[in-house]
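> Supplied in structure tokens, the structure appears directly below.
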Amino acid sequence: MASEKPLLAVTCTAPVNIAVIKYWGKRDEDLVLPINSSLSVTLHQDQVSLKTTTTAAVSKDFTEDRIWLNGREEDVEQPRLQACLREIRRLARKRRSTGDEDPLPLSLTYKVHIASVNNFPTAAGLASSAAGYACLAYTLAQVYGVDSDLSEVARRGSGSACRSLYGGFVEWQMGERADGKDSIARQVAPESHWPELRVLILVVSAEKKLMGSTAGMQTSVETSPLLRFRAESVVPARMAEMTRCIQERDFQGFGQLTMKDSNQFHATCLDTFPPISYLSDTSRRIVHLVHRFNTHHGQTKVAYTFDAGPNAVVFTLEDTVPEFVAAVQHCFPPESNGDKFLKGLPVRPTPLSDEFKAALNVDPIPGSIKYIIATQVGPGPQILDDPHAHLLGPDGLPKPAA
């Protein structure tokens with residue numbers, strides 16, 4: 001038997017991240033350089049599979065690069081994918097030519113097969129592209145023996161993907177340079193830093209958006225004076241303040257700034273011409289509920305943020321989760337899937353007082369929230385050592401779905 005295995009395969013997973021200081025707008029479309037810095041929270045990968053899993057394999061027998069997403073073969077010539085592949089191969093060659101390592105066992109001329117799976121609602125405002133491209137970058141780096149910073153590789157696929165390369169709390173520094181070499185992600189605090197923090201994803205709809213993020217943010221950059229003001233005059237101070245709130249575990253400050261920044265992002269969408277609206281009536285009702293909840297308690301106990309879609313992501317501390325979930329169930333009663341309404345971390349049921357129900361003062365709207373995912377802050381990408389986890393078989397083709 002030949003000493004070299006015919007196929008070298010690596011499988012990794014990467015997490016979803018939720019921005020609390022939003023990225024919206026590029027100063028360079030090609031290099032994917034942002035007009036402002038951003039800061040995000042990495043979600044745990046173990047709760048209801050909020051992650052992407054990717055297998056990359058190289059073999060001298062492959063005749064071309066190929067990619068499969070969720071079992072369907074996709075066009076490997078897609079420009080963002082090509083940018084990632086070019087960048088990782090460039091880093092691998094650079095590493096090789098410095099000669100500080102043994103030469104790689106595989107030839108850089110080998111073609112790669114990639115299979116990627118994510119099983120959360122794609123294009124519904126859960127950042128599937130971020131987890132997807134972070135996973136691609138991280139997996140290819142393992143295959144090609146690249147151990148340098150992967151921000152650029154991931155960023156070329158999807159800007160926010162560079163933030164999914166780390167766990168915990170992550171900032172994407174916009175950088176100054178025209179070549180983007182200083183536009184990188186950096187961990188602000190690890191996932192263990194704030195153990196009481198909880199994240200609730202209120203899934204309003206799993207339908208595809210009218211206006212995707214890439215087109216949306218470009219129109220905003222071209223037409224919104226508010227966006228320019230935000231990037232230059234508002235975000236820098238907010239980045240510093242958000243970092244302080246996280247380091248000091250100041251939930252009041254963290255929660256208020258998270259809500260304000262989400263609201264300002266959606267204001268820049270409305271200031272875009274023609275205007276973009278990602279929020280639905282249910283989204284606005286959730287905003288109302290959060291403010292009523294906080295007013296009732298006389299302090300900021302829960303905080304919402306919305307990305308380019310109607311789903312709400314709510315931050316709170318562990319001891320507030322049962323009561324807030326009860327409030328959501330009161331205002332948005334589950335239609336039929338009562339037992340499947342809550343996914344992820346277990347939540348012990350808590351009855352709401354009549355006084356609190358009166359304070360909420362809402363007409364319940366059944367079925368407008370499909371389900372809630374309860375999760376927490378989590379780690380960055382992981383390598384799966386179990387060969388059974390590979391999405392590609394020994395022939396380099398996707399394994400049939402189990």
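Just remember, in the structure tokens the first chain shown is A, the second B, etc., residues are 1-based per chain, and ligands are 1-based in the order shown.
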Show me, as a Markdown table, the residues of region 92-209 of chain A having an atom within 6 Å of region 31-40 of chain A, each with the closest atom pair and its distance in Å, using only C-alpha atoms.


```
| residue | atom | partner | partner_atom | distance |
| --- | --- | --- | --- | --- |
| A:Arg156 | CA | A:Val32 | CA | 5.8 |
| A:Gly159 | CA | A:Val32 | CA | 5.9 |
| A:Phe169 | CA | A:Ser40 | CA | 5.8 |
| A:Val170 | CA | A:Ser40 | CA | 5.3 |
| A:Glu171 | CA | A:Leu39 | CA | 4.2 |
| A:Trp172 | CA | A:Ser38 | CA | 5.3 |
| A:Gln173 | CA | A:Ser37 | CA | 4.9 |
| A:Met174 | CA | A:Ser37 | CA | 4.5 |
```

> List the spatial neighbours of Val117 (chain A) as a list in words - criterion: any atom at most 6 Å away, only C-alpha atoms, same-chain residues fewer than 5 positions off excluded.

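The filter keeps Thr52, Thr53, Leu69 and Asn70 of chain A.
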
> I need the residues from that last selection saved to file as a short mmCIF file (atom, residue, chain, number, x, y, z; two decimals), in the first residue's frame (with C-alpha atoms), if you can.


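File result_2.cif, as written:
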```cif
data_model
loop_
_atom_site.label_atom_id
_atom_site.label_comp_id
_atom_site.auth_asym_id
_atom_site.auth_seq_id
_atom_site.Cartn_x
_atom_site.Cartn_y
_atom_site.Cartn_z
CA THR A 52 -21.59 25.25 9.81
CA THR A 53 -19.74 21.97 9.31
CA LEU A 69 -23.55 23.07 -0.01
CA ASN A 70 -26.17 21.16 1.97
#
```

> Could you jot down the CA of Arg90 (chain A) to CA of Cys12 (chain A) separation for me, Å, one decimal place?

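If I compute the distance from CA of Arg90 (chain A) to CA of Cys12 (chain A), I get 21.0 Å.
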
> List every residue of region 280-385 of chain A that DSSP, applied to the backbone of this structure, assigns to helix (DSSP H, G or I), and report them as a PDB file with N, CA and C atoms, in the first residue's frame.


```pdb
ATOM      1  N   ASP A 281     -43.779  43.534  11.428  1.00  0.00           N
ATOM      2  CA  ASP A 281     -44.649  43.967  12.537  1.00  0.00           C
ATOM      3  C   ASP A 281     -44.317  43.198  13.808  1.00  0.00           C
ATOM      4  N   THR A 282     -44.041  41.911  13.655  1.00  0.00           N
ATOM      5  CA  THR A 282     -43.700  41.103  14.839  1.00  0.00           C
ATOM      6  C   THR A 282     -42.392  41.594  15.456  1.00  0.00           C
ATOM      7  N   SER A 283     -41.407  41.944  14.605  1.00  0.00           N
ATOM      8  CA  SER A 283     -40.142  42.498  15.126  1.00  0.00           C
ATOM      9  C   SER A 283     -40.422  43.720  16.001  1.00  0.00           C
ATOM     10  N   ARG A 284     -41.278  44.616  15.489  1.00  0.00           N
ATOM     11  CA  ARG A 284     -41.574  45.851  16.232  1.00  0.00           C
ATOM     12  C   ARG A 284     -42.327  45.554  17.527  1.00  0.00           C
ATOM     13  N   ARG A 285     -43.160  44.518  17.500  1.00  0.00           N
ATOM     14  CA  ARG A 285     -43.850  44.131  18.740  1.00  0.00           C
ATOM     15  C   ARG A 285     -42.867  43.585  19.769  1.00  0.00           C
ATOM     16  N   ILE A 286     -41.836  42.896  19.306  1.00  0.00           N
ATOM     17  CA  ILE A 286     -40.808  42.382  20.230  1.00  0.00           C
ATOM     18  C   ILE A 286     -40.059  43.554  20.880  1.00  0.00           C
ATOM     19  N   VAL A 287     -39.737  44.572  20.057  1.00  0.00           N
ATOM     20  CA  VAL A 287     -39.079  45.784  20.579  1.00  0.00           C
ATOM     21  C   VAL A 287     -39.932  46.389  21.695  1.00  0.00           C
ATOM     22  N   HIS A 288     -41.214  46.519  21.418  1.00  0.00           N
ATOM     23  CA  HIS A 288     -42.163  47.077  22.377  1.00  0.00           C
ATOM     24  C   HIS A 288     -42.182  46.240  23.662  1.00  0.00           C
ATOM     25  N   LEU A 289     -42.229  44.927  23.515  1.00  0.00           N
ATOM     26  CA  LEU A 289     -42.257  44.021  24.673  1.00  0.00           C
ATOM     27  C   LEU A 289     -40.996  44.196  25.523  1.00  0.00           C
ATOM     28  N   VAL A 290     -39.844  44.264  24.890  1.00  0.00           N
ATOM     29  CA  VAL A 290     -38.580  44.410  25.632  1.00  0.00           C
ATOM     30  C   VAL A 290     -38.597  45.706  26.446  1.00  0.00           C
ATOM     31  N   HIS A 291     -39.029  46.807  25.827  1.00  0.00           N
ATOM     32  CA  HIS A 291     -39.059  48.079  26.563  1.00  0.00           C
ATOM     33  C   HIS A 291     -40.075  48.040  27.704  1.00  0.00           C
ATOM     34  N   ARG A 292     -41.241  47.426  27.482  1.00  0.00           N
ATOM     35  CA  ARG A 292     -42.237  47.275  28.563  1.00  0.00           C
ATOM     36  C   ARG A 292     -41.653  46.450  29.717  1.00  0.00           C
ATOM     37  N   PHE A 293     -40.979  45.381  29.365  1.00  0.00           N
ATOM     38  CA  PHE A 293     -40.383  44.468  30.355  1.00  0.00           C
ATOM     39  C   PHE A 293     -39.377  45.237  31.221  1.00  0.00           C
ATOM     40  N   ASN A 294     -38.501  45.998  30.544  1.00  0.00           N
ATOM     41  CA  ASN A 294     -37.477  46.752  31.273  1.00  0.00           C
ATOM     42  C   ASN A 294     -38.091  47.856  32.131  1.00  0.00           C
ATOM     43  N   THR A 295     -39.108  48.538  31.593  1.00  0.00           N
ATOM     44  CA  THR A 295     -39.769  49.601  32.349  1.00  0.00           C
ATOM     45  C   THR A 295     -40.413  49.024  33.610  1.00  0.00           C
ATOM     46  N   HIS A 296     -41.056  47.883  33.461  1.00  0.00           N
ATOM     47  CA  HIS A 296     -41.693  47.214  34.600  1.00  0.00           C
ATOM     48  C   HIS A 296     -40.673  46.932  35.705  1.00  0.00           C
ATOM     49  N   HIS A 297     -39.466  46.556  35.315  1.00  0.00           N
ATOM     50  CA  HIS A 297     -38.431  46.221  36.303  1.00  0.00           C
ATOM     51  C   HIS A 297     -37.590  47.423  36.726  1.00  0.00           C
ATOM     52  N   GLU A 318     -28.804  35.030  32.957  1.00  0.00           N
ATOM     53  CA  GLU A 318     -29.413  33.727  33.211  1.00  0.00           C
ATOM     54  C   GLU A 318     -30.661  33.802  34.085  1.00  0.00           C
ATOM     55  N   ASP A 319     -30.613  34.615  35.151  1.00  0.00           N
ATOM     56  CA  ASP A 319     -31.744  34.621  36.097  1.00  0.00           C
ATOM     57  C   ASP A 319     -32.993  35.312  35.546  1.00  0.00           C
ATOM     58  N   THR A 320     -32.865  36.005  34.403  1.00  0.00           N
ATOM     59  CA  THR A 320     -34.025  36.692  33.817  1.00  0.00           C
ATOM     60  C   THR A 320     -34.706  35.837  32.744  1.00  0.00           C
ATOM     61  N   VAL A 321     -34.014  34.805  32.266  1.00  0.00           N
ATOM     62  CA  VAL A 321     -34.518  34.013  31.128  1.00  0.00           C
ATOM     63  C   VAL A 321     -35.934  33.459  31.357  1.00  0.00           C
ATOM     64  N   PRO A 322     -36.211  32.776  32.485  1.00  0.00           N
ATOM     65  CA  PRO A 322     -37.545  32.167  32.616  1.00  0.00           C
ATOM     66  C   PRO A 322     -38.678  33.182  32.520  1.00  0.00           C
ATOM     67  N   GLU A 323     -38.517  34.326  33.186  1.00  0.00           N
ATOM     68  CA  GLU A 323     -39.592  35.319  33.177  1.00  0.00           C
ATOM     69  C   GLU A 323     -39.763  35.941  31.790  1.00  0.00           C
ATOM     70  N   PHE A 324     -38.644  36.215  31.118  1.00  0.00           N
ATOM     71  CA  PHE A 324     -38.787  36.835  29.789  1.00  0.00           C
ATOM     72  C   PHE A 324     -39.409  35.848  28.798  1.00  0.00           C
ATOM     73  N   VAL A 325     -39.004  34.584  28.863  1.00  0.00           N
ATOM     74  CA  VAL A 325     -39.598  33.569  27.978  1.00  0.00           C
ATOM     75  C   VAL A 325     -41.100  33.460  28.245  1.00  0.00           C
ATOM     76  N   ALA A 326     -41.486  33.519  29.507  1.00  0.00           N
ATOM     77  CA  ALA A 326     -42.914  33.486  29.848  1.00  0.00           C
ATOM     78  C   ALA A 326     -43.642  34.696  29.249  1.00  0.00           C
ATOM     79  N   ALA A 327     -42.990  35.857  29.277  1.00  0.00           N
ATOM     80  CA  ALA A 327     -43.585  37.065  28.697  1.00  0.00           C
ATOM     81  C   ALA A 327     -43.750  36.916  27.182  1.00  0.00           C
ATOM     82  N   VAL A 328     -42.741  36.327  26.535  1.00  0.00           N
ATOM     83  CA  VAL A 328     -42.833  36.091  25.085  1.00  0.00           C
ATOM     84  C   VAL A 328     -43.977  35.129  24.790  1.00  0.00           C
ATOM     85  N   GLN A 329     -44.074  34.069  25.595  1.00  0.00           N
ATOM     86  CA  GLN A 329     -45.137  33.081  25.356  1.00  0.00           C
ATOM     87  C   GLN A 329     -46.520  33.666  25.618  1.00  0.00           C
ATOM     88  N   HIS A 330     -46.589  34.636  26.523  1.00  0.00           N
ATOM     89  CA  HIS A 330     -47.863  35.298  26.786  1.00  0.00           C
ATOM     90  C   HIS A 330     -48.262  36.184  25.594  1.00  0.00           C
ATOM     91  N   CYS A 331     -47.296  36.948  25.080  1.00  0.00           N
ATOM     92  CA  CYS A 331     -47.603  37.904  24.002  1.00  0.00           C
ATOM     93  C   CYS A 331     -47.700  37.242  22.633  1.00  0.00           C
ATOM     94  N   GLY A 338     -46.296  23.660  20.703  1.00  0.00           N
ATOM     95  CA  GLY A 338     -45.989  24.025  22.084  1.00  0.00           C
ATOM     96  C   GLY A 338     -44.771  23.326  22.641  1.00  0.00           C
ATOM     97  N   ASP A 339     -44.610  22.035  22.309  1.00  0.00           N
ATOM     98  CA  ASP A 339     -43.481  21.276  22.864  1.00  0.00           C
ATOM     99  C   ASP A 339     -42.172  21.602  22.145  1.00  0.00           C
ATOM    100  N   LYS A 340     -42.266  22.093  20.889  1.00  0.00           N
ATOM    101  CA  LYS A 340     -41.042  22.391  20.135  1.00  0.00           C
ATOM    102  C   LYS A 340     -40.772  23.903  20.061  1.00  0.00           C
ATOM    103  N   ASP A 354     -50.432  38.441  37.345  1.00  0.00           N
ATOM    104  CA  ASP A 354     -51.502  39.165  36.628  1.00  0.00           C
ATOM    105  C   ASP A 354     -51.131  40.636  36.489  1.00  0.00           C
ATOM    106  N   GLU A 355     -50.468  41.155  37.529  1.00  0.00           N
ATOM    107  CA  GLU A 355     -50.044  42.555  37.514  1.00  0.00           C
ATOM    108  C   GLU A 355     -49.095  42.790  36.332  1.00  0.00           C
ATOM    109  N   PHE A 356     -48.176  41.840  36.116  1.00  0.00           N
ATOM    110  CA  PHE A 356     -47.202  41.973  35.031  1.00  0.00           C
ATOM    111  C   PHE A 356     -47.896  41.840  33.667  1.00  0.00           C
ATOM    112  N   LYS A 357     -48.830  40.897  33.583  1.00  0.00           N
ATOM    113  CA  LYS A 357     -49.604  40.746  32.332  1.00  0.00           C
ATOM    114  C   LYS A 357     -50.334  42.049  32.001  1.00  0.00           C
ATOM    115  N   ALA A 358     -50.883  42.672  33.011  1.00  0.00           N
ATOM    116  CA  ALA A 358     -51.587  43.942  32.805  1.00  0.00           C
ATOM    117  C   ALA A 358     -50.610  45.031  32.350  1.00  0.00           C
ATOM    118  N   ALA A 359     -49.419  45.007  32.930  1.00  0.00           N
ATOM    119  CA  ALA A 359     -48.399  46.000  32.565  1.00  0.00           C
ATOM    120  C   ALA A 359     -47.955  45.815  31.108  1.00  0.00           C
ATOM    121  N   LEU A 360     -47.920  44.559  30.657  1.00  0.00           N
ATOM    122  CA  LEU A 360     -47.506  44.289  29.275  1.00  0.00           C
ATOM    123  C   LEU A 360     -48.544  44.821  28.287  1.00  0.00           C
TER     124      LEU A 360
END
```

> Just want the 10 Å neighbourhood of Val143 (chain A), counted on only C-alpha atoms, with same-chain residues fewer than 5 positions away dropped. Output as a list in words.

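Here the answer would be Leu8, Ala9, Val10, Thr11, Thr55, Ala56, Ala57, Val58, Ile88, Ala92, Leu104, Leu106, Val112 and Tyr138 of chain A.
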
> Using only C-alpha atoms, determine which residues lie at most 9 Å from region 257-262 of chain A, disregarding the query and same-chain residues fewer than 4 positions distant; provide the list as a list in words.

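With the cut-off at 9 Å, the set is Ala19, Val20, Ile21, Lys22, Val235, Arg238, Glu241, Met242, Gln252, Gly253, His266, Ala267, Ala303, Tyr304, Thr305, Phe306, Asp307 and Phe315 of chain A.
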
> I'd like to know which residues of region 156-312 of chain A are strand (DSSP E) (by DSSP, run on the backbone); could you write them as a VMD selection string?

chain A and resid 169 to 172 185 to 189 197 to 203 302 to 306 312

> Output N, CA, C and O atoms for every residue in that selection, as a compact mmCIF listing (two decimals), in the first residue's frame.


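Output file again.txt follows:
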```
# COMPACT_ATOMS: atom_id res chain seq x y z
N PHE A 169 -16.19 37.28 22.66
CA PHE A 169 -16.56 38.62 22.19
C PHE A 169 -15.45 39.08 21.24
O PHE A 169 -14.27 39.03 21.60
N VAL A 170 -15.83 39.49 20.04
CA VAL A 170 -14.85 39.69 18.98
C VAL A 170 -15.04 41.04 18.30
O VAL A 170 -16.17 41.41 17.96
N GLU A 171 -13.94 41.76 18.09
CA GLU A 171 -14.03 43.00 17.32
C GLU A 171 -13.38 42.80 15.96
O GLU A 171 -12.39 42.07 15.82
N TRP A 172 -13.99 43.40 14.95
CA TRP A 172 -13.40 43.46 13.61
C TRP A 172 -12.91 44.89 13.44
O TRP A 172 -13.73 45.82 13.33
N ALA A 185 -9.86 40.56 12.59
CA ALA A 185 -10.66 40.27 13.77
C ALA A 185 -9.75 39.97 14.96
O ALA A 185 -8.65 39.44 14.79
N ARG A 186 -10.24 40.33 16.15
CA ARG A 186 -9.44 40.13 17.37
C ARG A 186 -10.41 39.85 18.52
O ARG A 186 -11.48 40.47 18.61
N GLN A 187 -10.04 38.92 19.38
CA GLN A 187 -10.91 38.60 20.51
C GLN A 187 -10.79 39.66 21.60
O GLN A 187 -9.70 40.01 22.03
N VAL A 188 -11.94 40.17 22.04
CA VAL A 188 -11.98 41.17 23.11
C VAL A 188 -12.01 40.48 24.47
O VAL A 188 -11.39 40.93 25.43
N ALA A 189 -12.76 39.37 24.55
CA ALA A 189 -12.84 38.59 25.79
C ALA A 189 -13.25 37.17 25.41
O ALA A 189 -14.03 36.98 24.48
N LEU A 197 -24.25 35.37 30.89
CA LEU A 197 -24.91 35.97 29.73
C LEU A 197 -25.64 34.89 28.92
O LEU A 197 -25.09 33.82 28.65
N ARG A 198 -26.88 35.20 28.53
CA ARG A 198 -27.67 34.26 27.73
C ARG A 198 -28.16 34.96 26.47
O ARG A 198 -28.33 36.19 26.45
N VAL A 199 -28.43 34.15 25.46
CA VAL A 199 -28.87 34.67 24.17
C VAL A 199 -30.14 33.92 23.77
O VAL A 199 -30.15 32.69 23.76
N LEU A 200 -31.18 34.67 23.45
CA LEU A 200 -32.44 34.06 22.98
C LEU A 200 -32.67 34.52 21.54
O LEU A 200 -32.69 35.73 21.28
N ILE A 201 -32.81 33.59 20.63
CA ILE A 201 -33.12 33.94 19.24
C ILE A 201 -34.60 33.70 19.03
O ILE A 201 -35.08 32.58 19.17
N LEU A 202 -35.31 34.78 18.73
CA LEU A 202 -36.76 34.68 18.49
C LEU A 202 -36.95 34.60 16.99
O LEU A 202 -36.76 35.59 16.28
N VAL A 203 -37.27 33.41 16.51
CA VAL A 203 -37.37 33.19 15.06
C VAL A 203 -38.77 33.55 14.60
O VAL A 203 -39.76 32.89 14.92
N VAL A 302 -33.30 43.05 29.69
CA VAL A 302 -33.23 42.34 28.40
C VAL A 302 -32.91 43.37 27.32
O VAL A 302 -33.24 44.54 27.46
N ALA A 303 -32.24 42.91 26.25
CA ALA A 303 -31.86 43.82 25.16
C ALA A 303 -32.00 43.09 23.84
O ALA A 303 -31.59 41.94 23.72
N TYR A 304 -32.59 43.79 22.85
CA TYR A 304 -32.77 43.19 21.53
C TYR A 304 -31.71 43.70 20.57
O TYR A 304 -31.16 44.80 20.74
N THR A 305 -31.44 42.90 19.55
CA THR A 305 -30.72 43.38 18.39
C THR A 305 -31.25 42.64 17.18
O THR A 305 -31.67 41.48 17.28
N PHE A 306 -31.31 43.33 16.03
CA PHE A 306 -31.80 42.74 14.78
C PHE A 306 -30.74 42.94 13.70
O PHE A 306 -30.23 44.04 13.55
N ALA A 312 -35.39 38.40 16.05
CA ALA A 312 -34.79 39.15 17.16
C ALA A 312 -33.77 38.28 17.86
O ALA A 312 -33.98 37.08 18.06
```

> One number please: CA of Lys51 (chain A) to CA of Ala115 (chain A), in Å, one decimal.

14.1 Å

> To one decimal place in Å, what is the distance between CA of His44 (chain A) and CA of Arg249 (chain A)?

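For CA of His44 (chain A) relative to CA of Arg249 (chain A), the distance reads 18.6 Å.
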
> Looking at A:Gly393, A:Asp363, A:Thr219, A:Glu196, which one is nearest to His113 (chain A), with distances taken over only C-alpha atoms?

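Closest candidate: A:Gly393.
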
> So that I can see what lies close to region 375-388 of chain A, please list as an NGL selection string the residues with an atom at most 7 Å from it, counting only C-alpha atoms and leaving out residues fewer than 5 positions away in the same chain.

:A and (11-15 or 41-45 or 47 or 135 or 164-168 or 191 or 197-200 or 344-345)

> Go ahead and write the selection's residues with N, CA, C and O atoms as a short mmCIF file (atom, residue, chain, number, x, y, z; two decimals), in the first residue's frame.


```
data_model
loop_
_atom_site.label_atom_id
_atom_site.label_comp_id
_atom_site.auth_asym_id
_atom_site.auth_seq_id
_atom_site.Cartn_x
_atom_site.Cartn_y
_atom_site.Cartn_z
N THR A 11 -12.25 17.93 8.74
CA THR A 11 -13.61 18.44 8.97
C THR A 11 -13.61 19.36 10.19
O THR A 11 -13.04 19.02 11.23
N CYS A 12 -14.23 20.53 10.03
CA CYS A 12 -14.30 21.51 11.12
C CYS A 12 -15.71 22.07 11.23
O CYS A 12 -16.52 21.94 10.30
N THR A 13 -15.96 22.69 12.38
CA THR A 13 -17.22 23.44 12.54
C THR A 13 -16.87 24.88 12.90
O THR A 13 -15.80 25.15 13.46
N ALA A 14 -17.75 25.81 12.56
CA ALA A 14 -17.57 27.21 12.94
C ALA A 14 -18.90 27.79 13.37
O ALA A 14 -19.96 27.37 12.89
N PRO A 15 -18.83 28.77 14.28
CA PRO A 15 -20.05 29.30 14.91
C PRO A 15 -20.67 30.49 14.17
O PRO A 15 -20.06 31.11 13.30
N VAL A 41 -20.79 38.93 19.31
CA VAL A 41 -20.81 37.86 20.30
C VAL A 41 -20.91 36.54 19.54
O VAL A 41 -21.79 36.38 18.67
N THR A 42 -20.00 35.62 19.85
CA THR A 42 -20.02 34.30 19.19
C THR A 42 -20.98 33.39 19.93
O THR A 42 -20.90 33.25 21.16
N LEU A 43 -21.91 32.76 19.19
CA LEU A 43 -22.90 31.87 19.82
C LEU A 43 -22.36 30.46 19.94
O LEU A 43 -21.54 30.01 19.14
N HIS A 44 -22.86 29.75 20.94
CA HIS A 44 -22.41 28.38 21.19
C HIS A 44 -22.85 27.46 20.05
O HIS A 44 -23.95 27.61 19.50
N GLN A 45 -21.99 26.50 19.70
CA GLN A 45 -22.29 25.63 18.56
C GLN A 45 -23.12 24.40 18.95
O GLN A 45 -23.67 23.73 18.09
N GLN A 47 -25.86 24.20 20.93
CA GLN A 47 -27.31 24.33 21.02
C GLN A 47 -27.92 24.34 19.62
O GLN A 47 -27.59 25.20 18.81
N CYS A 135 -15.87 28.86 8.49
CA CYS A 135 -15.62 27.42 8.49
C CYS A 135 -14.76 27.02 7.30
O CYS A 135 -13.82 26.23 7.42
N SER A 164 -16.30 35.25 13.13
CA SER A 164 -16.61 33.88 13.57
C SER A 164 -15.37 33.00 13.71
O SER A 164 -15.47 31.82 14.01
N LEU A 165 -14.18 33.58 13.49
CA LEU A 165 -12.94 32.81 13.67
C LEU A 165 -12.54 32.71 15.13
O LEU A 165 -11.60 31.99 15.47
N TYR A 166 -13.24 33.45 16.00
CA TYR A 166 -12.91 33.43 17.42
C TYR A 166 -14.18 33.23 18.25
O TYR A 166 -15.27 33.59 17.82
N GLY A 167 -13.98 32.69 19.44
CA GLY A 167 -15.09 32.56 20.38
C GLY A 167 -15.22 33.81 21.23
O GLY A 167 -14.41 34.74 21.14
N GLY A 168 -16.25 33.83 22.06
CA GLY A 168 -16.43 34.92 23.01
C GLY A 168 -16.90 36.20 22.36
O GLY A 168 -17.86 36.22 21.59
N GLU A 191 -14.94 33.24 25.70
CA GLU A 191 -16.32 32.83 25.98
C GLU A 191 -16.57 32.58 27.47
O GLU A 191 -17.70 32.62 27.94
N LEU A 197 -24.25 35.37 30.89
CA LEU A 197 -24.91 35.97 29.73
C LEU A 197 -25.64 34.89 28.92
O LEU A 197 -25.09 33.82 28.65
N ARG A 198 -26.88 35.20 28.53
CA ARG A 198 -27.67 34.26 27.73
C ARG A 198 -28.16 34.96 26.47
O ARG A 198 -28.33 36.19 26.45
N VAL A 199 -28.43 34.15 25.46
CA VAL A 199 -28.87 34.67 24.17
C VAL A 199 -30.14 33.92 23.77
O VAL A 199 -30.15 32.69 23.76
N LEU A 200 -31.18 34.67 23.45
CA LEU A 200 -32.44 34.06 22.98
C LEU A 200 -32.67 34.52 21.54
O LEU A 200 -32.69 35.73 21.28
N GLY A 344 -32.88 24.34 22.46
CA GLY A 344 -31.60 24.73 23.06
C GLY A 344 -31.57 24.50 24.55
O GLY A 344 -32.08 23.50 25.04
N LEU A 345 -30.98 25.44 25.27
CA LEU A 345 -30.83 25.29 26.72
C LEU A 345 -32.20 25.16 27.39
O LEU A 345 -33.14 25.87 27.01
#
```

> With only C-alpha atoms as the atoms that count, which of A:Tyr144, A:Tyr23, A:Glu87, A:His193 lies nearest to Glu248 (chain A)?

A:His193

> Would you mind listing what lies within 12 Å of Asp149 (chain A) as a list in words, with only C-alpha atoms counted and same-chain residues fewer than 2 positions away left out?

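The contact residues come out as Glu87, Ile88, Leu91, Ala134, Ala137, Tyr138, Ala141, Val146, Asp147, Ser151, Glu152, Val153, Ala154, Arg155, Cys162, Arg163, Leu165, Tyr166, Lys181, Asp182, Ser183, Ile184, Ala185 and Arg186 of chain A.
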
> Extract, using only C-alpha atoms, all DNA, RNA and protein residues at most 9 Å from Lys399 (chain A), discarding same-chain residues fewer than 6 positions from it, and format them as a count of residues only.

5

> Which residue out of A:Pro225, A:Pro394, A:Pro79, A:Gly255 has the minimum interatomic distance to Lys301 (chain A) when only C-alpha atoms are used?

A:Gly255

> Here is a test: counting only C-alpha atoms, which residue of A:Ser192, A:Glu176, A:Asp395, A:Val48 is nearest to Pro346 (chain A)?

A:Val48

> Would you please work out which residue, of A:Phe251, A:Cys269, A:Ala389, A:Ile276, is nearest to Thr300 (chain A) when using only C-alpha atoms?

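Distance minimum relative to Thr300 (chain A) lands on A:Phe251.
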